[in-house]
Every structure is written in structure tokens, then in C-alpha cells.
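Text of target_39.cif (mmCIF, N, CA, C and O atoms) as supplied:
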```cif
data_my_file
#
loop_
_atom_site.label_atom_id
_atom_site.label_comp_id
_atom_site.auth_asym_id
_atom_site.auth_seq_id
_atom_site.Cartn_x
_atom_site.Cartn_y
_atom_site.Cartn_z
N MET A 265 -53.83 67.71 8.64
CA MET A 265 -52.93 66.57 8.58
C MET A 265 -53.19 65.73 9.82
O MET A 265 -53.20 66.23 10.93
N ASP A 266 -53.37 64.46 9.58
CA ASP A 266 -53.62 63.58 10.72
C ASP A 266 -52.31 63.23 11.43
O ASP A 266 -51.23 63.41 10.88
N PRO A 267 -52.39 62.76 12.66
CA PRO A 267 -51.17 62.46 13.44
C PRO A 267 -50.24 61.47 12.75
O PRO A 267 -49.01 61.58 12.87
N GLN A 268 -50.81 60.52 12.04
CA GLN A 268 -49.98 59.53 11.35
C GLN A 268 -49.17 60.19 10.23
O GLN A 268 -47.99 59.89 10.05
N ASP A 269 -49.79 61.11 9.48
CA ASP A 269 -49.08 61.86 8.44
C ASP A 269 -47.98 62.71 9.05
O ASP A 269 -46.88 62.80 8.50
N GLN A 270 -48.28 63.35 10.17
CA GLN A 270 -47.28 64.17 10.85
C GLN A 270 -46.07 63.35 11.25
O GLN A 270 -44.93 63.76 11.06
N GLU A 271 -46.34 62.18 11.80
CA GLU A 271 -45.24 61.32 12.23
C GLU A 271 -44.41 60.84 11.05
O GLU A 271 -43.18 60.82 11.11
N ARG A 272 -45.06 60.47 9.96
CA ARG A 272 -44.33 60.02 8.76
C ARG A 272 -43.45 61.14 8.22
O ARG A 272 -42.29 60.91 7.84
N PHE A 273 -44.01 62.36 8.18
CA PHE A 273 -43.23 63.48 7.67
C PHE A 273 -42.06 63.78 8.60
O PHE A 273 -40.94 64.02 8.14
N ARG A 274 -42.29 63.75 9.89
CA ARG A 274 -41.22 63.97 10.87
C ARG A 274 -40.13 62.92 10.71
O ARG A 274 -38.93 63.23 10.75
N ASP A 275 -40.52 61.67 10.51
CA ASP A 275 -39.54 60.59 10.31
C ASP A 275 -38.72 60.83 9.04
O ASP A 275 -37.51 60.61 9.03
N TYR A 276 -39.39 61.28 7.98
CA TYR A 276 -38.70 61.58 6.73
C TYR A 276 -37.66 62.69 6.96
O TYR A 276 -36.51 62.56 6.55
N VAL A 277 -38.07 63.76 7.61
CA VAL A 277 -37.17 64.88 7.86
C VAL A 277 -35.99 64.43 8.72
O VAL A 277 -34.84 64.75 8.41
N ASP A 278 -36.25 63.66 9.77
CA ASP A 278 -35.17 63.16 10.63
C ASP A 278 -34.18 62.31 9.85
O ASP A 278 -32.97 62.42 10.03
N ALA A 279 -34.69 61.48 8.97
CA ALA A 279 -33.83 60.56 8.21
C ALA A 279 -33.03 61.27 7.12
O ALA A 279 -31.91 60.87 6.81
N ARG A 280 -33.59 62.32 6.52
CA ARG A 280 -32.97 62.91 5.34
C ARG A 280 -32.35 64.29 5.56
O ARG A 280 -31.74 64.83 4.66
N TRP A 281 -32.51 64.86 6.75
CA TRP A 281 -32.04 66.23 7.00
C TRP A 281 -30.58 66.41 6.62
O TRP A 281 -30.22 67.37 5.92
N SER A 282 -29.71 65.55 7.07
CA SER A 282 -28.26 65.71 6.81
C SER A 282 -27.95 65.69 5.33
O SER A 282 -27.18 66.53 4.84
N ALA A 283 -28.53 64.75 4.61
CA ALA A 283 -28.27 64.66 3.17
C ALA A 283 -28.81 65.88 2.44
O ALA A 283 -28.16 66.42 1.53
N LEU A 284 -29.99 66.33 2.82
CA LEU A 284 -30.56 67.51 2.18
C LEU A 284 -29.74 68.76 2.50
O LEU A 284 -29.54 69.62 1.63
N LEU A 285 -29.25 68.85 3.70
CA LEU A 285 -28.42 69.99 4.08
C LEU A 285 -27.09 69.99 3.31
O LEU A 285 -26.61 71.05 2.90
N ARG A 286 -26.52 68.83 3.10
CA ARG A 286 -25.28 68.75 2.30
C ARG A 286 -25.52 69.26 0.89
O ARG A 286 -24.71 70.03 0.34
N LEU A 287 -26.62 68.84 0.28
CA LEU A 287 -26.95 69.31 -1.06
C LEU A 287 -27.18 70.82 -1.05
O LEU A 287 -26.69 71.54 -1.92
N ALA A 288 -27.91 71.30 -0.07
CA ALA A 288 -28.18 72.73 0.03
C ALA A 288 -26.89 73.53 0.20
O ALA A 288 -26.75 74.62 -0.36
N ASN A 289 -25.93 72.97 0.94
CA ASN A 289 -24.62 73.64 1.08
C ASN A 289 -23.93 73.78 -0.26
O ASN A 289 -23.32 74.81 -0.55
N LEU A 290 -24.02 72.75 -1.07
CA LEU A 290 -23.44 72.83 -2.42
C LEU A 290 -24.15 73.89 -3.26
O LEU A 290 -23.51 74.66 -3.97
N LEU A 291 -25.47 73.90 -3.18
CA LEU A 291 -26.25 74.84 -3.98
C LEU A 291 -26.05 76.28 -3.56
O LEU A 291 -26.16 77.20 -4.39
N THR A 292 -25.76 76.52 -2.29
CA THR A 292 -25.61 77.89 -1.79
C THR A 292 -24.16 78.33 -1.70
O THR A 292 -23.88 79.40 -1.18
N GLY A 293 -23.26 77.52 -2.15
CA GLY A 293 -21.85 77.90 -2.09
C GLY A 293 -21.26 77.81 -0.70
O GLY A 293 -20.30 78.49 -0.39
N GLY A 294 -21.87 76.99 0.15
CA GLY A 294 -21.33 76.76 1.48
C GLY A 294 -21.87 77.68 2.56
O GLY A 294 -21.39 77.63 3.69
N ASP A 295 -22.84 78.50 2.24
CA ASP A 295 -23.44 79.38 3.24
C ASP A 295 -24.42 78.58 4.10
O ASP A 295 -25.51 78.23 3.66
N ARG A 296 -24.04 78.29 5.32
CA ARG A 296 -24.82 77.41 6.20
C ARG A 296 -26.23 77.94 6.45
O ARG A 296 -27.20 77.19 6.43
N HIS A 297 -26.35 79.23 6.69
CA HIS A 297 -27.67 79.80 6.99
C HIS A 297 -28.59 79.75 5.77
O HIS A 297 -29.77 79.40 5.88
N GLU A 298 -28.05 80.09 4.61
CA GLU A 298 -28.85 80.00 3.39
C GLU A 298 -29.22 78.56 3.10
O GLU A 298 -30.33 78.29 2.62
N ALA A 299 -28.31 77.64 3.36
CA ALA A 299 -28.58 76.22 3.12
C ALA A 299 -29.72 75.74 4.00
O ALA A 299 -30.63 75.04 3.53
N GLU A 300 -29.70 76.10 5.26
CA GLU A 300 -30.78 75.70 6.17
C GLU A 300 -32.11 76.28 5.72
O GLU A 300 -33.13 75.60 5.73
N ASP A 301 -32.09 77.56 5.31
CA ASP A 301 -33.32 78.19 4.81
C ASP A 301 -33.84 77.46 3.57
O ASP A 301 -35.04 77.24 3.42
N LEU A 302 -32.93 77.10 2.70
CA LEU A 302 -33.30 76.42 1.46
C LEU A 302 -33.96 75.07 1.75
O LEU A 302 -35.00 74.74 1.16
N VAL A 303 -33.40 74.32 2.67
CA VAL A 303 -33.99 73.03 3.03
C VAL A 303 -35.36 73.24 3.66
O VAL A 303 -36.33 72.54 3.32
N GLU A 304 -35.47 74.20 4.54
CA GLU A 304 -36.74 74.45 5.20
C GLU A 304 -37.83 74.87 4.22
O GLU A 304 -38.97 74.40 4.31
N ILE A 305 -37.49 75.73 3.26
CA ILE A 305 -38.46 76.14 2.24
C ILE A 305 -38.92 74.93 1.44
O ILE A 305 -40.12 74.74 1.20
N ALA A 306 -37.97 74.10 1.03
CA ALA A 306 -38.31 72.92 0.23
C ALA A 306 -39.18 71.95 1.02
O ALA A 306 -40.14 71.38 0.49
N LEU A 307 -38.87 71.77 2.30
CA LEU A 307 -39.68 70.86 3.12
C LEU A 307 -41.09 71.39 3.33
O LEU A 307 -42.05 70.62 3.34
N MET A 308 -41.22 72.70 3.48
CA MET A 308 -42.56 73.29 3.64
C MET A 308 -43.38 73.07 2.37
O MET A 308 -44.57 72.75 2.44
N LYS A 309 -42.75 73.24 1.21
CA LYS A 309 -43.47 73.00 -0.04
C LYS A 309 -43.83 71.54 -0.18
O LYS A 309 -44.92 71.20 -0.64
N ALA A 310 -42.92 70.67 0.21
CA ALA A 310 -43.19 69.22 0.14
C ALA A 310 -44.32 68.84 1.09
O ALA A 310 -45.15 67.98 0.76
N LEU A 311 -44.36 69.46 2.23
CA LEU A 311 -45.41 69.18 3.20
C LEU A 311 -46.78 69.50 2.61
O LEU A 311 -47.73 68.73 2.76
N GLY A 312 -46.86 70.60 1.91
CA GLY A 312 -48.12 70.99 1.29
C GLY A 312 -48.55 70.08 0.16
O GLY A 312 -49.73 69.98 -0.16
N ARG A 313 -47.61 69.40 -0.47
CA ARG A 313 -47.91 68.54 -1.62
C ARG A 313 -47.73 67.06 -1.31
O ARG A 313 -47.75 66.23 -2.21
N ARG A 314 -47.57 66.72 -0.06
CA ARG A 314 -47.18 65.36 0.34
C ARG A 314 -48.07 64.26 -0.23
O ARG A 314 -47.61 63.18 -0.51
N ARG A 315 -49.33 64.53 -0.41
CA ARG A 315 -50.23 63.49 -0.92
C ARG A 315 -50.11 63.29 -2.43
O ARG A 315 -50.57 62.30 -2.95
N HIS A 316 -49.49 64.24 -3.11
CA HIS A 316 -49.37 64.18 -4.57
C HIS A 316 -47.97 63.80 -5.03
O HIS A 316 -47.73 63.67 -6.22
N VAL A 317 -47.06 63.63 -4.09
CA VAL A 317 -45.66 63.38 -4.42
C VAL A 317 -45.34 61.91 -4.18
O VAL A 317 -45.49 61.41 -3.07
N GLU A 318 -44.88 61.24 -5.23
CA GLU A 318 -44.51 59.83 -5.10
C GLU A 318 -43.07 59.66 -4.61
O GLU A 318 -42.77 58.71 -3.91
N ASP A 319 -42.21 60.58 -5.02
CA ASP A 319 -40.78 60.52 -4.66
C ASP A 319 -40.42 61.77 -3.86
O ASP A 319 -40.02 62.78 -4.44
N PRO A 320 -40.57 61.74 -2.53
CA PRO A 320 -40.32 62.96 -1.75
C PRO A 320 -38.89 63.50 -1.90
O PRO A 320 -38.70 64.71 -1.99
N ASP A 321 -37.91 62.62 -1.94
CA ASP A 321 -36.53 63.09 -2.10
C ASP A 321 -36.35 63.84 -3.41
O ASP A 321 -35.75 64.92 -3.45
N GLY A 322 -36.84 63.26 -4.47
CA GLY A 322 -36.73 63.91 -5.78
C GLY A 322 -37.45 65.25 -5.81
O GLY A 322 -36.94 66.24 -6.33
N TYR A 323 -38.61 65.28 -5.22
CA TYR A 323 -39.39 66.52 -5.18
C TYR A 323 -38.66 67.60 -4.37
O TYR A 323 -38.52 68.73 -4.82
N VAL A 324 -38.17 67.24 -3.20
CA VAL A 324 -37.48 68.21 -2.35
C VAL A 324 -36.21 68.71 -3.02
O VAL A 324 -35.93 69.91 -3.02
N ARG A 325 -35.45 67.83 -3.64
CA ARG A 325 -34.23 68.26 -4.34
C ARG A 325 -34.56 69.20 -5.49
O ARG A 325 -33.86 70.20 -5.71
N LYS A 326 -35.61 68.89 -6.23
CA LYS A 326 -36.02 69.74 -7.34
C LYS A 326 -36.44 71.13 -6.84
O LYS A 326 -36.08 72.14 -7.43
N VAL A 327 -37.21 71.16 -5.77
CA VAL A 327 -37.63 72.44 -5.20
C VAL A 327 -36.40 73.24 -4.74
O VAL A 327 -36.31 74.45 -4.99
N MET A 328 -35.46 72.58 -4.10
CA MET A 328 -34.26 73.27 -3.64
C MET A 328 -33.49 73.88 -4.82
O MET A 328 -33.09 75.04 -4.76
N TYR A 329 -33.32 73.11 -5.86
CA TYR A 329 -32.60 73.58 -7.04
C TYR A 329 -33.32 74.78 -7.66
O TYR A 329 -32.72 75.82 -7.90
N ARG A 330 -34.63 74.63 -7.87
CA ARG A 330 -35.38 75.72 -8.50
C ARG A 330 -35.42 76.96 -7.62
O ARG A 330 -35.35 78.08 -8.12
N GLN A 331 -35.56 76.77 -6.34
CA GLN A 331 -35.58 77.90 -5.41
C GLN A 331 -34.25 78.65 -5.45
O GLN A 331 -34.22 79.87 -5.47
N GLN A 332 -33.16 77.91 -5.49
CA GLN A 332 -31.85 78.53 -5.48
C GLN A 332 -31.58 79.29 -6.78
O GLN A 332 -31.05 80.39 -6.76
N ILE A 333 -31.94 78.71 -7.91
CA ILE A 333 -31.65 79.42 -9.17
C ILE A 333 -32.57 80.61 -9.38
O ILE A 333 -32.25 81.51 -10.13
N SER A 334 -33.70 80.62 -8.68
CA SER A 334 -34.60 81.77 -8.82
C SER A 334 -34.21 82.94 -7.92
O SER A 334 -34.76 84.02 -8.04
N ARG A 335 -33.25 82.74 -7.04
CA ARG A 335 -32.80 83.84 -6.15
C ARG A 335 -32.01 84.86 -6.89
O ARG A 335 -31.16 84.81 -7.57
#
```

Starting from the coordinates I provided, produce the structure as C-alpha cells.
Amino acid sequence: MDPQDQERFRDYVDARWSALLRLANLLTGGDRHEAEDLVEIALMKALGRRRHVEDPDGYVRKVMYRQQISR
């Protein structure tokens, strides 16, 4: 990943972390630690697919949902 991609991804995470964490809290029943883990897993998957994803928010939310229901 080039420095420009890293910066863009970091900016995305900074901008969306709170909203993603709120959704993760809903998905995990309010368990803060599980919610943080869920967001981190989804972001790691998004990072790996960043060049193929047109809607990062939609992709991350979908990963979070699928990850949670598969637990």
C-alpha cells in the first residue's frame, strides 16, 4: 500500500469510527469490547479489498453484520 492509500484509509477510519462503533454496539447488544473487535475486523477486511470496493461504508457495514451473525 502506498503512503497516499494509507493516508486515505486513515482519514476514512478517523471520519467514520464513531458511526461504525455505534452500529457495532447495536449488533453486539451493547458489549463495547465486542463492538470494537467487530469494527476492527471489518476494517481489516475492507483494507484488504479497498481497491475493489466502491462504497466503503456499505462494505464495512455488511462485513460487520455478516461477521456478527456468523458468531

Suppose a student applies the PyMOL selection byres (((chain A and resi 269-277 and name CA) around 12) and name CA) to this structure; what residues should they get, written as a PDB file with N, CA, C and O atoms, in the coordinates of the input?
```
ATOM      1  N   MET A 265     -53.830  67.710   8.640  1.00  0.00           N
ATOM      2  CA  MET A 265     -52.930  66.570   8.580  1.00  0.00           C
ATOM      3  C   MET A 265     -53.190  65.730   9.820  1.00  0.00           C
ATOM      4  O   MET A 265     -53.200  66.230  10.930  1.00  0.00           O
ATOM      5  N   ASP A 266     -53.370  64.460   9.580  1.00  0.00           N
ATOM      6  CA  ASP A 266     -53.620  63.580  10.720  1.00  0.00           C
ATOM      7  C   ASP A 266     -52.310  63.230  11.430  1.00  0.00           C
ATOM      8  O   ASP A 266     -51.230  63.410  10.880  1.00  0.00           O
ATOM      9  N   PRO A 267     -52.390  62.760  12.660  1.00  0.00           N
ATOM     10  CA  PRO A 267     -51.170  62.460  13.440  1.00  0.00           C
ATOM     11  C   PRO A 267     -50.240  61.470  12.750  1.00  0.00           C
ATOM     12  O   PRO A 267     -49.010  61.580  12.870  1.00  0.00           O
ATOM     13  N   GLN A 268     -50.810  60.520  12.040  1.00  0.00           N
ATOM     14  CA  GLN A 268     -49.980  59.530  11.350  1.00  0.00           C
ATOM     15  C   GLN A 268     -49.170  60.190  10.230  1.00  0.00           C
ATOM     16  O   GLN A 268     -47.990  59.890  10.050  1.00  0.00           O
ATOM     17  N   ASP A 278     -36.250  63.660   9.770  1.00  0.00           N
ATOM     18  CA  ASP A 278     -35.170  63.160  10.630  1.00  0.00           C
ATOM     19  C   ASP A 278     -34.180  62.310   9.850  1.00  0.00           C
ATOM     20  O   ASP A 278     -32.970  62.420  10.030  1.00  0.00           O
ATOM     21  N   ALA A 279     -34.690  61.480   8.970  1.00  0.00           N
ATOM     22  CA  ALA A 279     -33.830  60.560   8.210  1.00  0.00           C
ATOM     23  C   ALA A 279     -33.030  61.270   7.120  1.00  0.00           C
ATOM     24  O   ALA A 279     -31.910  60.870   6.810  1.00  0.00           O
ATOM     25  N   ARG A 280     -33.590  62.320   6.520  1.00  0.00           N
ATOM     26  CA  ARG A 280     -32.970  62.910   5.340  1.00  0.00           C
ATOM     27  C   ARG A 280     -32.350  64.290   5.560  1.00  0.00           C
ATOM     28  O   ARG A 280     -31.740  64.830   4.660  1.00  0.00           O
ATOM     29  N   TRP A 281     -32.510  64.860   6.750  1.00  0.00           N
ATOM     30  CA  TRP A 281     -32.040  66.230   7.000  1.00  0.00           C
ATOM     31  C   TRP A 281     -30.580  66.410   6.620  1.00  0.00           C
ATOM     32  O   TRP A 281     -30.220  67.370   5.920  1.00  0.00           O
ATOM     33  N   SER A 282     -29.710  65.550   7.070  1.00  0.00           N
ATOM     34  CA  SER A 282     -28.260  65.710   6.810  1.00  0.00           C
ATOM     35  C   SER A 282     -27.950  65.690   5.330  1.00  0.00           C
ATOM     36  O   SER A 282     -27.180  66.530   4.840  1.00  0.00           O
ATOM     37  N   ALA A 283     -28.530  64.750   4.610  1.00  0.00           N
ATOM     38  CA  ALA A 283     -28.270  64.660   3.170  1.00  0.00           C
ATOM     39  C   ALA A 283     -28.810  65.880   2.440  1.00  0.00           C
ATOM     40  O   ALA A 283     -28.160  66.420   1.530  1.00  0.00           O
ATOM     41  N   LEU A 284     -29.990  66.330   2.820  1.00  0.00           N
ATOM     42  CA  LEU A 284     -30.560  67.510   2.180  1.00  0.00           C
ATOM     43  C   LEU A 284     -29.740  68.760   2.500  1.00  0.00           C
ATOM     44  O   LEU A 284     -29.540  69.620   1.630  1.00  0.00           O
ATOM     45  N   LEU A 285     -29.250  68.850   3.700  1.00  0.00           N
ATOM     46  CA  LEU A 285     -28.420  69.990   4.080  1.00  0.00           C
ATOM     47  C   LEU A 285     -27.090  69.990   3.310  1.00  0.00           C
ATOM     48  O   LEU A 285     -26.610  71.050   2.900  1.00  0.00           O
ATOM     49  N   VAL A 303     -33.400  74.320   2.670  1.00  0.00           N
ATOM     50  CA  VAL A 303     -33.990  73.030   3.030  1.00  0.00           C
ATOM     51  C   VAL A 303     -35.360  73.240   3.660  1.00  0.00           C
ATOM     52  O   VAL A 303     -36.330  72.540   3.320  1.00  0.00           O
ATOM     53  N   GLU A 304     -35.470  74.200   4.540  1.00  0.00           N
ATOM     54  CA  GLU A 304     -36.740  74.450   5.200  1.00  0.00           C
ATOM     55  C   GLU A 304     -37.830  74.870   4.220  1.00  0.00           C
ATOM     56  O   GLU A 304     -38.970  74.400   4.310  1.00  0.00           O
ATOM     57  N   ALA A 306     -37.970  74.100   1.030  1.00  0.00           N
ATOM     58  CA  ALA A 306     -38.310  72.920   0.230  1.00  0.00           C
ATOM     59  C   ALA A 306     -39.180  71.950   1.020  1.00  0.00           C
ATOM     60  O   ALA A 306     -40.140  71.380   0.490  1.00  0.00           O
ATOM     61  N   LEU A 307     -38.870  71.770   2.300  1.00  0.00           N
ATOM     62  CA  LEU A 307     -39.680  70.860   3.120  1.00  0.00           C
ATOM     63  C   LEU A 307     -41.090  71.390   3.330  1.00  0.00           C
ATOM     64  O   LEU A 307     -42.050  70.620   3.340  1.00  0.00           O
ATOM     65  N   MET A 308     -41.220  72.700   3.480  1.00  0.00           N
ATOM     66  CA  MET A 308     -42.560  73.290   3.640  1.00  0.00           C
ATOM     67  C   MET A 308     -43.380  73.070   2.370  1.00  0.00           C
ATOM     68  O   MET A 308     -44.570  72.750   2.440  1.00  0.00           O
ATOM     69  N   ALA A 310     -42.920  70.670   0.210  1.00  0.00           N
ATOM     70  CA  ALA A 310     -43.190  69.220   0.140  1.00  0.00           C
ATOM     71  C   ALA A 310     -44.320  68.840   1.090  1.00  0.00           C
ATOM     72  O   ALA A 310     -45.150  67.980   0.760  1.00  0.00           O
ATOM     73  N   LEU A 311     -44.360  69.460   2.230  1.00  0.00           N
ATOM     74  CA  LEU A 311     -45.410  69.180   3.200  1.00  0.00           C
ATOM     75  C   LEU A 311     -46.780  69.500   2.610  1.00  0.00           C
ATOM     76  O   LEU A 311     -47.730  68.730   2.760  1.00  0.00           O
ATOM     77  N   GLY A 312     -46.860  70.600   1.910  1.00  0.00           N
ATOM     78  CA  GLY A 312     -48.120  70.990   1.290  1.00  0.00           C
ATOM     79  C   GLY A 312     -48.550  70.080   0.160  1.00  0.00           C
ATOM     80  O   GLY A 312     -49.730  69.980  -0.160  1.00  0.00           O
ATOM     81  N   ARG A 313     -47.610  69.400  -0.470  1.00  0.00           N
ATOM     82  CA  ARG A 313     -47.910  68.540  -1.620  1.00  0.00           C
ATOM     83  C   ARG A 313     -47.730  67.060  -1.310  1.00  0.00           C
ATOM     84  O   ARG A 313     -47.750  66.230  -2.210  1.00  0.00           O
ATOM     85  N   ARG A 314     -47.570  66.720  -0.060  1.00  0.00           N
ATOM     86  CA  ARG A 314     -47.180  65.360   0.340  1.00  0.00           C
ATOM     87  C   ARG A 314     -48.070  64.260  -0.230  1.00  0.00           C
ATOM     88  O   ARG A 314     -47.610  63.180  -0.510  1.00  0.00           O
ATOM     89  N   ARG A 315     -49.330  64.530  -0.410  1.00  0.00           N
ATOM     90  CA  ARG A 315     -50.230  63.490  -0.920  1.00  0.00           C
ATOM     91  C   ARG A 315     -50.110  63.290  -2.430  1.00  0.00           C
ATOM     92  O   ARG A 315     -50.570  62.300  -2.950  1.00  0.00           O
ATOM     93  N   ASP A 319     -42.210  60.580  -5.020  1.00  0.00           N
ATOM     94  CA  ASP A 319     -40.780  60.520  -4.660  1.00  0.00           C
ATOM     95  C   ASP A 319     -40.420  61.770  -3.860  1.00  0.00           C
ATOM     96  O   ASP A 319     -40.020  62.780  -4.440  1.00  0.00           O
ATOM     97  N   PRO A 320     -40.570  61.740  -2.530  1.00  0.00           N
ATOM     98  CA  PRO A 320     -40.320  62.960  -1.750  1.00  0.00           C
ATOM     99  C   PRO A 320     -38.890  63.500  -1.900  1.00  0.00           C
ATOM    100  O   PRO A 320     -38.700  64.710  -1.990  1.00  0.00           O
ATOM    101  N   ASP A 321     -37.910  62.620  -1.940  1.00  0.00           N
ATOM    102  CA  ASP A 321     -36.530  63.090  -2.100  1.00  0.00           C
ATOM    103  C   ASP A 321     -36.350  63.840  -3.410  1.00  0.00           C
ATOM    104  O   ASP A 321     -35.750  64.920  -3.450  1.00  0.00           O
ATOM    105  N   VAL A 324     -38.170  67.240  -3.200  1.00  0.00           N
ATOM    106  CA  VAL A 324     -37.480  68.210  -2.350  1.00  0.00           C
ATOM    107  C   VAL A 324     -36.210  68.710  -3.020  1.00  0.00           C
ATOM    108  O   VAL A 324     -35.930  69.910  -3.020  1.00  0.00           O
TER     109      VAL A 324
END
```

Q. Rounded to one decimal in Å, what is the spacing between atom N of A:Arg286 and atom CA of A:Arg325?
A. 10.7 Å

Q | Expected answer as a ChimeraX atom specification: alpha helix (DSSP H) residues in chain A | A | /A:267-291,296-312,320-333

Q: Find the distance between atom CA of A:Leu287 and atom CA of A:His316 and write it in Å to one decimal.
A: 23.3 Å

Q | Interatomic distance (Å, one decimal) between atom O of A:Leu290 and atom O of A:Val317 | A |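 Calculated distance between atom O of A:Leu290 and atom O of A:Val317 is 25.7 Å.
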
Q. Got a sec to resolve the PyMOL selection byres (((chain A and resi 329-335 and name CA) around 9) and name CA) on this structure and send the residues as a PyMOL selection string?
A. chain A and resi 288+291-292+302+305-306+324-328

Dump of N, CA, C and O atoms for the selected residues, as a short mmCIF file (atom, residue, chain, number, x, y, z; two decimals), keeping the file's coordinate frame:
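What ended up in part.cif:
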```
data_model
loop_
_atom_site.label_atom_id
_atom_site.label_comp_id
_atom_site.auth_asym_id
_atom_site.auth_seq_id
_atom_site.Cartn_x
_atom_site.Cartn_y
_atom_site.Cartn_z
N ALA A 288 -27.91 71.30 -0.07
CA ALA A 288 -28.18 72.73 0.03
C ALA A 288 -26.89 73.53 0.20
O ALA A 288 -26.75 74.62 -0.36
N LEU A 291 -25.47 73.90 -3.18
CA LEU A 291 -26.25 74.84 -3.98
C LEU A 291 -26.05 76.28 -3.56
O LEU A 291 -26.16 77.20 -4.39
N THR A 292 -25.76 76.52 -2.29
CA THR A 292 -25.61 77.89 -1.79
C THR A 292 -24.16 78.33 -1.70
O THR A 292 -23.88 79.40 -1.18
N LEU A 302 -32.93 77.10 2.70
CA LEU A 302 -33.30 76.42 1.46
C LEU A 302 -33.96 75.07 1.75
O LEU A 302 -35.00 74.74 1.16
N ILE A 305 -37.49 75.73 3.26
CA ILE A 305 -38.46 76.14 2.24
C ILE A 305 -38.92 74.93 1.44
O ILE A 305 -40.12 74.74 1.20
N ALA A 306 -37.97 74.10 1.03
CA ALA A 306 -38.31 72.92 0.23
C ALA A 306 -39.18 71.95 1.02
O ALA A 306 -40.14 71.38 0.49
N VAL A 324 -38.17 67.24 -3.20
CA VAL A 324 -37.48 68.21 -2.35
C VAL A 324 -36.21 68.71 -3.02
O VAL A 324 -35.93 69.91 -3.02
N ARG A 325 -35.45 67.83 -3.64
CA ARG A 325 -34.23 68.26 -4.34
C ARG A 325 -34.56 69.20 -5.49
O ARG A 325 -33.86 70.20 -5.71
N LYS A 326 -35.61 68.89 -6.23
CA LYS A 326 -36.02 69.74 -7.34
C LYS A 326 -36.44 71.13 -6.84
O LYS A 326 -36.08 72.14 -7.43
N VAL A 327 -37.21 71.16 -5.77
CA VAL A 327 -37.63 72.44 -5.20
C VAL A 327 -36.40 73.24 -4.74
O VAL A 327 -36.31 74.45 -4.99
N MET A 328 -35.46 72.58 -4.10
CA MET A 328 -34.26 73.27 -3.64
C MET A 328 -33.49 73.88 -4.82
O MET A 328 -33.09 75.04 -4.76
#
```
